[in-house]
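Note: the block below is entry.txt and it holds compact mmCIF, C-alpha atoms.
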# COMPACT_ATOMS: atom_id res chain seq x y z
CA MET A 191 91.22 -2.27 -133.77
CA ASP A 192 89.91 -2.53 -137.32
CA ARG A 193 89.84 -6.30 -137.12
CA VAL A 194 87.30 -6.25 -134.29
CA ALA A 195 83.73 -7.08 -135.30
CA TRP A 196 81.85 -4.58 -133.15
CA THR A 197 78.15 -5.11 -132.48
CA ALA A 198 75.57 -2.73 -133.96
CA ASP A 199 75.99 -0.79 -130.70
CA GLY A 200 79.75 -0.57 -131.26
CA LEU A 201 80.63 -3.02 -128.50
CA VAL A 202 82.52 -6.26 -128.07
CA PRO A 203 82.36 -8.63 -125.07
CA ALA A 204 85.61 -8.86 -123.13
CA VAL A 205 86.50 -11.73 -120.80
CA ALA A 206 89.05 -11.04 -118.06
CA GLN A 207 91.08 -14.02 -116.89
CA ASP A 208 93.47 -13.99 -113.95
CA ALA A 209 96.93 -14.53 -115.40
CA ARG A 210 98.17 -16.40 -112.35
CA SER A 211 95.26 -18.58 -111.24
CA GLY A 212 93.63 -18.94 -114.65
CA GLU A 213 90.28 -18.10 -113.09
CA VAL A 214 87.77 -16.36 -115.32
CA LEU A 215 87.05 -13.20 -113.36
CA MET A 216 84.35 -11.35 -115.27
CA LEU A 217 82.76 -10.58 -118.59
CA ALA A 218 82.28 -6.93 -119.49
CA TRP A 219 81.90 -4.88 -122.65
CA MET A 220 84.25 -2.59 -124.53
CA ASN A 221 83.73 0.00 -127.20
CA ARG A 222 86.55 1.08 -129.50
CA GLU A 223 87.73 3.76 -127.08
CA ALA A 224 87.74 1.37 -124.12
CA LEU A 225 89.84 -1.16 -126.02
CA ALA A 226 92.19 1.57 -127.26
CA GLN A 227 92.67 2.94 -123.72
CA THR A 228 93.20 -0.58 -122.39
CA VAL A 229 95.93 -1.22 -124.93
CA GLU A 230 97.56 2.20 -124.48
CA THR A 231 97.55 2.24 -120.68
CA GLY A 232 97.97 -1.49 -119.98
CA GLU A 233 95.06 -1.32 -117.54
CA ALA A 234 91.55 -2.54 -118.25
CA VAL A 235 88.97 0.02 -119.34
CA TYR A 236 85.47 -1.17 -120.12
CA TRP A 237 82.24 0.39 -121.33
CA SER A 238 79.48 0.50 -118.75
CA ARG A 239 76.24 -0.27 -120.59
CA SER A 240 74.17 0.85 -117.61
CA ARG A 241 76.01 4.14 -117.09
CA LYS A 242 76.76 4.56 -120.81
CA ALA A 243 80.26 5.70 -119.99
CA LEU A 244 83.84 4.52 -120.10
CA TRP A 245 84.62 2.60 -116.94
CA LYS A 246 88.21 2.45 -115.80
CA LYS A 247 88.30 -0.74 -113.77
CA GLY A 248 89.31 0.07 -110.21
CA GLU A 249 88.67 3.79 -110.57
CA THR A 250 86.85 4.02 -107.24
CA SER A 251 87.90 0.72 -105.67
CA GLY A 252 91.57 0.54 -106.52
CA HIS A 253 90.95 -2.94 -107.93
CA VAL A 254 92.78 -2.15 -111.13
CA GLN A 255 93.41 -4.90 -113.68
CA ARG A 256 96.90 -4.85 -115.21
CA VAL A 257 96.59 -6.27 -118.70
CA LEU A 258 99.34 -8.70 -119.70
CA GLU A 259 97.80 -9.97 -122.90
CA VAL A 260 94.97 -9.05 -125.27
CA ARG A 261 93.49 -11.76 -127.50
CA LEU A 262 90.79 -11.82 -130.16
CA ASP A 263 88.74 -14.83 -131.19
CA CYS A 264 88.33 -16.44 -134.60
CA ASP A 265 85.26 -14.39 -135.51
CA ALA A 266 86.85 -11.22 -134.09
CA ASP A 267 83.75 -10.69 -131.96
CA ALA A 268 85.12 -11.47 -128.50
CA VAL A 269 88.18 -10.24 -126.60
CA LEU A 270 90.14 -12.09 -123.92
CA LEU A 271 92.33 -10.23 -121.42
CA ARG A 272 94.89 -11.93 -119.23
CA VAL A 273 95.14 -9.68 -116.20
CA GLU A 274 96.68 -9.19 -112.82
CA SER A 275 93.84 -8.30 -110.52
CA VAL A 276 95.48 -5.82 -108.18
CA ALA A 277 93.71 -6.49 -104.89
CA GLY A 278 92.59 -9.93 -105.98
CA ILE A 279 89.06 -8.61 -106.31
CA ALA A 280 87.27 -8.26 -109.64
CA CYS A 281 83.61 -8.13 -108.61
CA HIS A 282 81.64 -5.11 -107.43
CA THR A 283 80.27 -7.36 -104.68
CA GLY A 284 83.75 -7.60 -103.18
CA ARG A 285 84.46 -11.13 -104.39
CA ARG A 286 87.51 -12.18 -106.34
CA ARG A 287 85.45 -12.98 -109.43
CA CYS A 288 81.97 -12.25 -110.72
CA PHE A 289 81.23 -15.92 -111.47
CA PHE A 290 80.58 -16.87 -107.85
CA SER A 291 77.25 -18.60 -108.51
CA LYS A 292 77.43 -22.28 -109.37
CA LEU A 293 74.57 -24.42 -110.59
CA GLU A 294 74.02 -27.25 -108.10
CA GLY A 295 71.48 -30.02 -107.57
CA GLU A 296 69.28 -31.96 -109.94
CA GLY A 297 65.88 -31.43 -111.54
CA ALA A 298 63.49 -29.28 -109.54
CA SER A 299 66.02 -28.72 -106.76
CA ARG A 300 68.56 -27.06 -109.05
CA ARG A 301 69.78 -23.77 -107.67
CA TRP A 302 72.56 -21.21 -108.02
CA ALA A 303 74.80 -21.67 -104.99
CA GLU A 304 77.23 -18.94 -103.97
CA THR A 305 80.69 -20.44 -103.68
CA ASP A 306 83.02 -17.50 -103.05
CA PRO A 307 83.48 -15.38 -99.93
CA VAL A 308 83.15 -11.59 -99.87
CA LEU A 309 86.67 -10.23 -99.39
CA ALA A 310 85.98 -6.50 -99.20
CA ASP A 311 83.03 -4.34 -98.16
CA PRO A 312 81.24 -3.41 -101.39
CA GLY A 313 79.92 -0.30 -99.69
CA THR A 314 83.30 1.34 -100.14
CA PHE A 315 83.40 1.22 -103.94
CA ARG A 316 81.06 0.85 -106.87
CA ASP A 317 83.08 -0.78 -109.64
CA GLY A 318 84.75 -3.84 -108.17
CA MET B 65 66.99 -20.50 -115.58
CA ASP B 66 64.77 -17.77 -114.22
CA ARG B 67 67.74 -16.04 -112.63
CA VAL B 68 69.40 -15.45 -116.00
CA ALA B 69 69.16 -11.91 -117.36
CA TRP B 70 68.59 -12.68 -121.04
CA THR B 71 69.19 -9.96 -123.63
CA ALA B 72 66.28 -8.48 -125.56
CA ASP B 73 66.99 -11.22 -128.12
CA GLY B 74 66.69 -13.86 -125.40
CA LEU B 75 70.40 -14.67 -125.32
CA VAL B 76 73.23 -14.77 -122.81
CA PRO B 77 76.98 -14.94 -123.59
CA ALA B 78 78.62 -18.17 -122.47
CA VAL B 79 82.36 -18.58 -121.94
CA ALA B 80 83.80 -22.09 -122.20
CA GLN B 81 86.93 -22.77 -120.17
CA ASP B 82 88.99 -25.94 -120.34
CA ALA B 83 88.65 -27.61 -116.95
CA ARG B 84 92.12 -29.09 -117.07
CA SER B 85 94.32 -26.40 -118.62
CA GLY B 86 92.25 -23.42 -117.53
CA GLU B 87 92.44 -22.03 -121.05
CA VAL B 88 89.51 -19.91 -122.18
CA LEU B 89 88.40 -21.77 -125.29
CA MET B 90 85.59 -19.72 -126.78
CA LEU B 91 82.72 -17.33 -126.25
CA ALA B 92 79.38 -18.27 -127.73
CA TRP B 93 75.73 -17.47 -127.05
CA MET B 94 72.91 -19.45 -125.48
CA ASN B 95 69.18 -19.02 -125.45
CA ARG B 96 67.02 -20.57 -122.75
CA GLU B 97 66.66 -23.85 -124.62
CA ALA B 98 70.43 -24.11 -125.26
CA LEU B 99 71.19 -23.62 -121.58
CA ALA B 100 68.47 -26.08 -120.56
CA GLN B 101 69.80 -28.74 -122.96
CA THR B 102 73.36 -28.09 -121.78
CA VAL B 103 72.32 -28.66 -118.18
CA GLU B 104 70.16 -31.71 -118.97
CA THR B 105 72.62 -33.49 -121.24
CA GLY B 106 75.90 -32.39 -119.65
CA GLU B 107 77.22 -31.42 -123.08
CA ALA B 108 77.44 -27.86 -124.39
CA VAL B 109 74.65 -26.63 -126.65
CA TYR B 110 74.84 -23.07 -127.94
CA TRP B 111 72.67 -20.81 -130.08
CA SER B 112 74.12 -19.99 -133.48
CA ARG B 113 73.30 -16.35 -134.17
CA SER B 114 74.29 -16.74 -137.83
CA ARG B 115 72.26 -19.89 -138.44
CA LYS B 116 69.54 -18.91 -135.95
CA ALA B 117 69.43 -22.45 -134.66
CA LEU B 118 70.48 -24.53 -131.68
CA TRP B 119 74.03 -25.69 -132.16
CA LYS B 120 75.11 -28.85 -130.40
CA LYS B 121 78.84 -28.37 -130.04
CA GLY B 122 80.66 -31.16 -131.84
CA GLU B 123 77.60 -32.27 -133.80
CA THR B 124 79.50 -32.56 -137.07
CA SER B 125 83.07 -32.52 -135.77
CA GLY B 126 82.86 -34.81 -132.77
CA HIS B 127 84.51 -32.03 -130.72
CA VAL B 128 81.92 -32.30 -127.98
CA GLN B 129 82.33 -30.29 -124.77
CA ARG B 130 81.50 -32.23 -121.60
CA VAL B 131 80.25 -29.70 -119.07
CA LEU B 132 81.58 -30.16 -115.55
CA GLU B 133 80.32 -26.90 -114.07
CA VAL B 134 77.91 -24.10 -114.96
CA ARG B 135 78.38 -20.68 -113.37
CA LEU B 136 76.53 -17.38 -113.55
CA ASP B 137 77.99 -13.95 -112.90
CA CYS B 138 76.93 -11.30 -110.40
CA ASP B 139 74.59 -9.54 -112.83
CA ALA B 140 73.25 -12.89 -114.10
CA ASP B 141 74.07 -11.80 -117.64
CA ALA B 142 77.02 -14.07 -118.41
CA VAL B 143 77.53 -17.84 -118.10
CA LEU B 144 80.79 -19.69 -117.52
CA LEU B 145 81.18 -23.36 -118.42
CA ARG B 146 84.05 -25.52 -117.23
CA VAL B 147 84.36 -28.17 -119.93
CA GLU B 148 86.32 -31.14 -121.13
CA SER B 149 87.01 -30.50 -124.79
CA VAL B 150 86.78 -33.98 -126.25
CA ALA B 151 89.35 -33.89 -129.05
CA GLY B 152 91.15 -30.91 -127.53
CA ILE B 153 89.72 -28.72 -130.28
CA ALA B 154 87.16 -26.00 -129.64
CA CYS B 155 87.52 -23.78 -132.72
CA HIS B 156 85.91 -24.26 -136.12
CA THR B 157 89.34 -23.46 -137.61
CA GLY B 158 90.70 -26.67 -136.10
CA ARG B 159 92.59 -24.96 -133.26
CA ARG B 160 92.26 -25.89 -129.63
CA ARG B 161 90.71 -22.50 -128.78
CA CYS B 162 89.12 -19.63 -130.64
CA PHE B 163 91.33 -17.01 -128.96
CA PHE B 164 94.40 -17.76 -131.09
CA SER B 165 95.06 -14.15 -132.09
CA LYS B 166 97.26 -12.16 -129.74
CA LEU B 167 97.90 -8.44 -129.92
CA GLU B 168 101.62 -7.86 -130.40
CA GLY B 169 103.90 -4.92 -131.09
CA GLU B 170 103.68 -1.24 -130.25
CA GLY B 171 102.03 1.80 -131.78
CA ALA B 172 101.59 1.66 -135.55
CA SER B 173 103.15 -1.80 -135.78
CA ARG B 174 100.55 -3.43 -133.55
CA ARG B 175 99.05 -6.52 -135.10
CA TRP B 176 97.05 -9.63 -134.24
CA ALA B 177 99.53 -12.51 -134.33
CA GLU B 178 98.30 -16.09 -134.62
CA THR B 179 99.82 -18.12 -131.82
CA ASP B 180 98.18 -21.55 -132.03
CA PRO B 181 98.66 -24.34 -134.58
CA VAL B 182 95.83 -25.89 -136.59
CA LEU B 183 95.34 -29.39 -135.19
CA ALA B 184 92.63 -30.72 -137.49
CA ASP B 185 91.53 -30.00 -141.05
CA PRO B 186 88.59 -27.59 -140.75
CA GLY B 187 87.29 -28.86 -144.08
CA THR B 188 85.97 -31.94 -142.36
CA PHE B 189 83.58 -30.17 -139.98
CA ARG B 190 81.78 -26.90 -139.61
CA ASP B 191 81.30 -26.38 -135.89
CA GLY B 192 84.65 -26.95 -134.23
Just give me the structure as structure tokens.
Amino acid sequence: MDRVAWTADGLVPAVAQDARSGEVLMLAWMNREALAQTVETGEAVYWSRSRKALWKKGETSGHVQRVLEVRLDCDADAVLLRVESVAGIACHTGRRRCFFSKLEGEGASRRWAETDPVLADPGTFRDG
Amino acid sequence: MDRVAWTADGLVPAVAQDARSGEVLMLAWMNREALAQTVETGEAVYWSRSRKALWKKGETSGHVQRVLEVRLDCDADAVLLRVESVAGIACHTGRRRCFFSKLEGEGASRRWAETDPVLADPGTFRDG
């Protein structure tokens, strides 16, 4: 924990990658307690900047992320988790990953195109 | 560009993923100009927070990242690049990725273990 270069707000960005598919699922933030709980429990816990609270991934949705590996980058200011995404859904919109918007087109017609289907009704949970 | 939810400092975190291996290579930051240049040129340009300057990846090292895909997450506050890492090196330490430290061990004996070899002498470049 002491190696981590926390921001002035005491946070570090954490990237979750699906251990099986290799897909990058999401980027969220952790404070020291979130990282400690993630390591202790083996399930991803983030810090919700909007709610200013610890956020156990899957708490309301069941879409828990089992953490197989925790990595730190060369500057110690970013974390990478290799996870098993329990229901195959990481996004609060009900998609398998948060990065479902892809830049397409050229010049003035560039746009963010949605590429991934909604797999679960987001009305039934709030945290992906 | 207008969809991106920039921080108060005008930045967004950008994750670079190797298009072939699926490995997450690095996390860096972009401002609007860095993202625009990345999209226009098809090669990754970041914002160096330490140097407070645009940072064309590979400028001094030749380790350019060809950008095959640009994605945005559900909150529009994180970018994902799928890249070809020209010399197979993304890290300024001469390793293929910045996430070369892996958390190993249990309890008090937990430590960050370096898992990746140095492939190029970092004395010959400054930007990976």
Check your understanding: Skipping near chain neighbours, those fewer than 4 positions away, what residues fall within 12 Å of Pro186 of chain B using all atoms listed in the file, listed as a ChimeraX atom specification?
Key -> /B:124-125,127,153-160,182,190-192
Exercise for review: Pull out every residue of chain B that has at least one atom within 10 Å of chain A, counting only C-alpha atoms, and report them as JSON, numbers by chain.
Suggested key: {"B": [65, 67, 77, 78, 79, 80, 81, 85, 86, 87, 88, 89, 90, 91, 92, 103, 104, 133, 134, 135, 136, 137, 138, 139, 140, 141, 142, 143, 144, 145, 155, 156, 157, 159, 161, 162, 163, 164, 165, 166, 167, 168, 170, 171, 174, 175, 176, 177, 178, 179]}
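Note that atom CA of Gly187 of chain B and atom CA of Trp111 of chain B are 21.8 Å apart.
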Check your understanding: Between atom CA of Met94 of chain B and atom CA of Gly122 of chain B, what is the distance, to one decimal in Å?
Key -> 15.4 Å
Exercise for review: Take atom CA of Ala108 of chain B and atom CA of Ala83 of chain B and report the distance between them in Å, one decimal.
Suggested key: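 According to the coordinates, atom CA of Ala108 of chain B and atom CA of Ala83 of chain B are separated by 13.5 Å.
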Please write out chain B, superposed on chain A by least squares over all C-alpha atoms matched in order, as a JSON list (two decimals) with C-alpha atoms, keeping the file's coordinate frame.
[["chain", "number", "residue", "atom", "x", "y", "z"],
["B", 65, "MET", "CA", 91.21, -2.26, -133.79],
["B", 66, "ASP", "CA", 89.92, -2.51, -137.32],
["B", 67, "ARG", "CA", 89.85, -6.29, -137.11],
["B", 68, "VAL", "CA", 87.29, -6.24, -134.31],
["B", 69, "ALA", "CA", 83.72, -7.09, -135.31],
["B", 70, "TRP", "CA", 81.84, -4.59, -133.15],
["B", 71, "THR", "CA", 78.13, -5.10, -132.50],
["B", 72, "ALA", "CA", 75.58, -2.71, -133.96],
["B", 73, "ASP", "CA", 75.99, -0.77, -130.70],
["B", 74, "GLY", "CA", 79.74, -0.57, -131.28],
["B", 75, "LEU", "CA", 80.63, -3.01, -128.50],
["B", 76, "VAL", "CA", 82.52, -6.26, -128.08],
["B", 77, "PRO", "CA", 82.36, -8.63, -125.07],
["B", 78, "ALA", "CA", 85.62, -8.87, -123.14],
["B", 79, "VAL", "CA", 86.50, -11.73, -120.80],
["B", 80, "ALA", "CA", 89.04, -11.04, -118.06],
["B", 81, "GLN", "CA", 91.08, -14.02, -116.89],
["B", 82, "ASP", "CA", 93.47, -14.00, -113.95],
["B", 83, "ALA", "CA", 96.93, -14.54, -115.40],
["B", 84, "ARG", "CA", 98.17, -16.40, -112.35],
["B", 85, "SER", "CA", 95.26, -18.58, -111.24],
["B", 86, "GLY", "CA", 93.62, -18.94, -114.64],
["B", 87, "GLU", "CA", 90.27, -18.09, -113.08],
["B", 88, "VAL", "CA", 87.76, -16.36, -115.33],
["B", 89, "LEU", "CA", 87.04, -13.20, -113.36],
["B", 90, "MET", "CA", 84.36, -11.36, -115.28],
["B", 91, "LEU", "CA", 82.74, -10.58, -118.60],
["B", 92, "ALA", "CA", 82.27, -6.94, -119.49],
["B", 93, "TRP", "CA", 81.90, -4.89, -122.67],
["B", 94, "MET", "CA", 84.26, -2.58, -124.53],
["B", 95, "ASN", "CA", 83.73, 0.00, -127.20],
["B", 96, "ARG", "CA", 86.54, 1.09, -129.50],
["B", 97, "GLU", "CA", 87.75, 3.77, -127.10],
["B", 98, "ALA", "CA", 87.75, 1.36, -124.12],
["B", 99, "LEU", "CA", 89.85, -1.16, -126.02],
["B", 100, "ALA", "CA", 92.20, 1.56, -127.27],
["B", 101, "GLN", "CA", 92.70, 2.93, -123.73],
["B", 102, "THR", "CA", 93.20, -0.59, -122.39],
["B", 103, "VAL", "CA", 95.94, -1.23, -124.94],
["B", 104, "GLU", "CA", 97.58, 2.19, -124.47],
["B", 105, "THR", "CA", 97.56, 2.24, -120.68],
["B", 106, "GLY", "CA", 97.98, -1.48, -119.97],
["B", 107, "GLU", "CA", 95.07, -1.32, -117.53],
["B", 108, "ALA", "CA", 91.55, -2.55, -118.27],
["B", 109, "VAL", "CA", 88.98, 0.02, -119.34],
["B", 110, "TYR", "CA", 85.47, -1.19, -120.12],
["B", 111, "TRP", "CA", 82.23, 0.38, -121.34],
["B", 112, "SER", "CA", 79.47, 0.49, -118.75],
["B", 113, "ARG", "CA", 76.23, -0.28, -120.58],
["B", 114, "SER", "CA", 74.17, 0.87, -117.59],
["B", 115, "ARG", "CA", 76.01, 4.16, -117.09],
["B", 116, "LYS", "CA", 76.76, 4.58, -120.81],
["B", 117, "ALA", "CA", 80.25, 5.72, -120.00],
["B", 118, "LEU", "CA", 83.84, 4.51, -120.10],
["B", 119, "TRP", "CA", 84.61, 2.62, -116.94],
["B", 120, "LYS", "CA", 88.20, 2.47, -115.79],
["B", 121, "LYS", "CA", 88.30, -0.72, -113.77],
["B", 122, "GLY", "CA", 89.32, 0.06, -110.21],
["B", 123, "GLU", "CA", 88.68, 3.79, -110.55],
["B", 124, "THR", "CA", 86.85, 4.02, -107.23],
["B", 125, "SER", "CA", 87.89, 0.72, -105.67],
["B", 126, "GLY", "CA", 91.57, 0.55, -106.51],
["B", 127, "HIS", "CA", 90.93, -2.94, -107.93],
["B", 128, "VAL", "CA", 92.79, -2.15, -111.13],
["B", 129, "GLN", "CA", 93.42, -4.90, -113.69],
["B", 130, "ARG", "CA", 96.91, -4.84, -115.21],
["B", 131, "VAL", "CA", 96.60, -6.27, -118.70],
["B", 132, "LEU", "CA", 99.35, -8.70, -119.69],
["B", 133, "GLU", "CA", 97.80, -9.97, -122.92],
["B", 134, "VAL", "CA", 94.97, -9.06, -125.28],
["B", 135, "ARG", "CA", 93.48, -11.76, -127.51],
["B", 136, "LEU", "CA", 90.77, -11.83, -130.16],
["B", 137, "ASP", "CA", 88.71, -14.84, -131.18],
["B", 138, "CYS", "CA", 88.31, -16.45, -134.59],
["B", 139, "ASP", "CA", 85.25, -14.39, -135.52],
["B", 140, "ALA", "CA", 86.85, -11.22, -134.09],
["B", 141, "ASP", "CA", 83.75, -10.69, -131.96],
["B", 142, "ALA", "CA", 85.12, -11.48, -128.51],
["B", 143, "VAL", "CA", 88.18, -10.24, -126.60],
["B", 144, "LEU", "CA", 90.15, -12.09, -123.93],
["B", 145, "LEU", "CA", 92.33, -10.25, -121.43],
["B", 146, "ARG", "CA", 94.91, -11.94, -119.24],
["B", 147, "VAL", "CA", 95.13, -9.67, -116.20],
["B", 148, "GLU", "CA", 96.69, -9.19, -112.82],
["B", 149, "SER", "CA", 93.84, -8.30, -110.50],
["B", 150, "VAL", "CA", 95.48, -5.82, -108.17],
["B", 151, "ALA", "CA", 93.72, -6.48, -104.86],
["B", 152, "GLY", "CA", 92.59, -9.94, -105.96],
["B", 153, "ILE", "CA", 89.05, -8.61, -106.30],
["B", 154, "ALA", "CA", 87.28, -8.26, -109.63],
["B", 155, "CYS", "CA", 83.61, -8.14, -108.61],
["B", 156, "HIS", "CA", 81.63, -5.12, -107.44],
["B", 157, "THR", "CA", 80.26, -7.37, -104.67],
["B", 158, "GLY", "CA", 83.74, -7.59, -103.17],
["B", 159, "ARG", "CA", 84.44, -11.14, -104.40],
["B", 160, "ARG", "CA", 87.51, -12.14, -106.33],
["B", 161, "ARG", "CA", 85.43, -12.97, -109.44],
["B", 162, "CYS", "CA", 81.96, -12.25, -110.72],
["B", 163, "PHE", "CA", 81.23, -15.92, -111.48],
["B", 164, "PHE", "CA", 80.57, -16.88, -107.85],
["B", 165, "SER", "CA", 77.25, -18.60, -108.51],
["B", 166, "LYS", "CA", 77.43, -22.28, -109.38],
["B", 167, "LEU", "CA", 74.56, -24.42, -110.58],
["B", 168, "GLU", "CA", 74.03, -27.26, -108.12],
["B", 169, "GLY", "CA", 71.51, -30.03, -107.58],
["B", 170, "GLU", "CA", 69.28, -31.98, -109.94],
["B", 171, "GLY", "CA", 65.90, -31.45, -111.54],
["B", 172, "ALA", "CA", 63.49, -29.30, -109.53],
["B", 173, "SER", "CA", 66.03, -28.74, -106.76],
["B", 174, "ARG", "CA", 68.57, -27.06, -109.03],
["B", 175, "ARG", "CA", 69.78, -23.77, -107.66],
["B", 176, "TRP", "CA", 72.56, -21.21, -108.03],
["B", 177, "ALA", "CA", 74.81, -21.68, -105.01],
["B", 178, "GLU", "CA", 77.23, -18.94, -103.98],
["B", 179, "THR", "CA", 80.69, -20.44, -103.68],
["B", 180, "ASP", "CA", 83.02, -17.50, -103.04],
["B", 181, "PRO", "CA", 83.47, -15.36, -99.92],
["B", 182, "VAL", "CA", 83.14, -11.58, -99.87],
["B", 183, "LEU", "CA", 86.66, -10.22, -99.39],
["B", 184, "ALA", "CA", 85.98, -6.49, -99.19],
["B", 185, "ASP", "CA", 83.03, -4.34, -98.15],
["B", 186, "PRO", "CA", 81.24, -3.41, -101.39],
["B", 187, "GLY", "CA", 79.93, -0.29, -99.68],
["B", 188, "THR", "CA", 83.29, 1.35, -100.13],
["B", 189, "PHE", "CA", 83.39, 1.20, -103.94],
["B", 190, "ARG", "CA", 81.07, 0.84, -106.87],
["B", 191, "ASP", "CA", 83.10, -0.77, -109.62],
["B", 192, "GLY", "CA", 84.82, -3.79, -108.13]]
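Here the question is which of A:Leu309, A:Val202, A:Ala224, A:Val235 gets nearest to Gly278 of chain A using only C-alpha atoms, and that residue is A:Leu309.
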Check your understanding: From the set B:Thr102, B:Asp66, B:Ala151, B:Ser112, which residue has the shortest atom-to-atom contact distance to Val131 of chain B, counting all atoms listed in the file?
Key ->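 Among B:Thr102, B:Asp66, B:Ala151, B:Ser112, it is B:Thr102 that comes nearest to Val131 of chain B.
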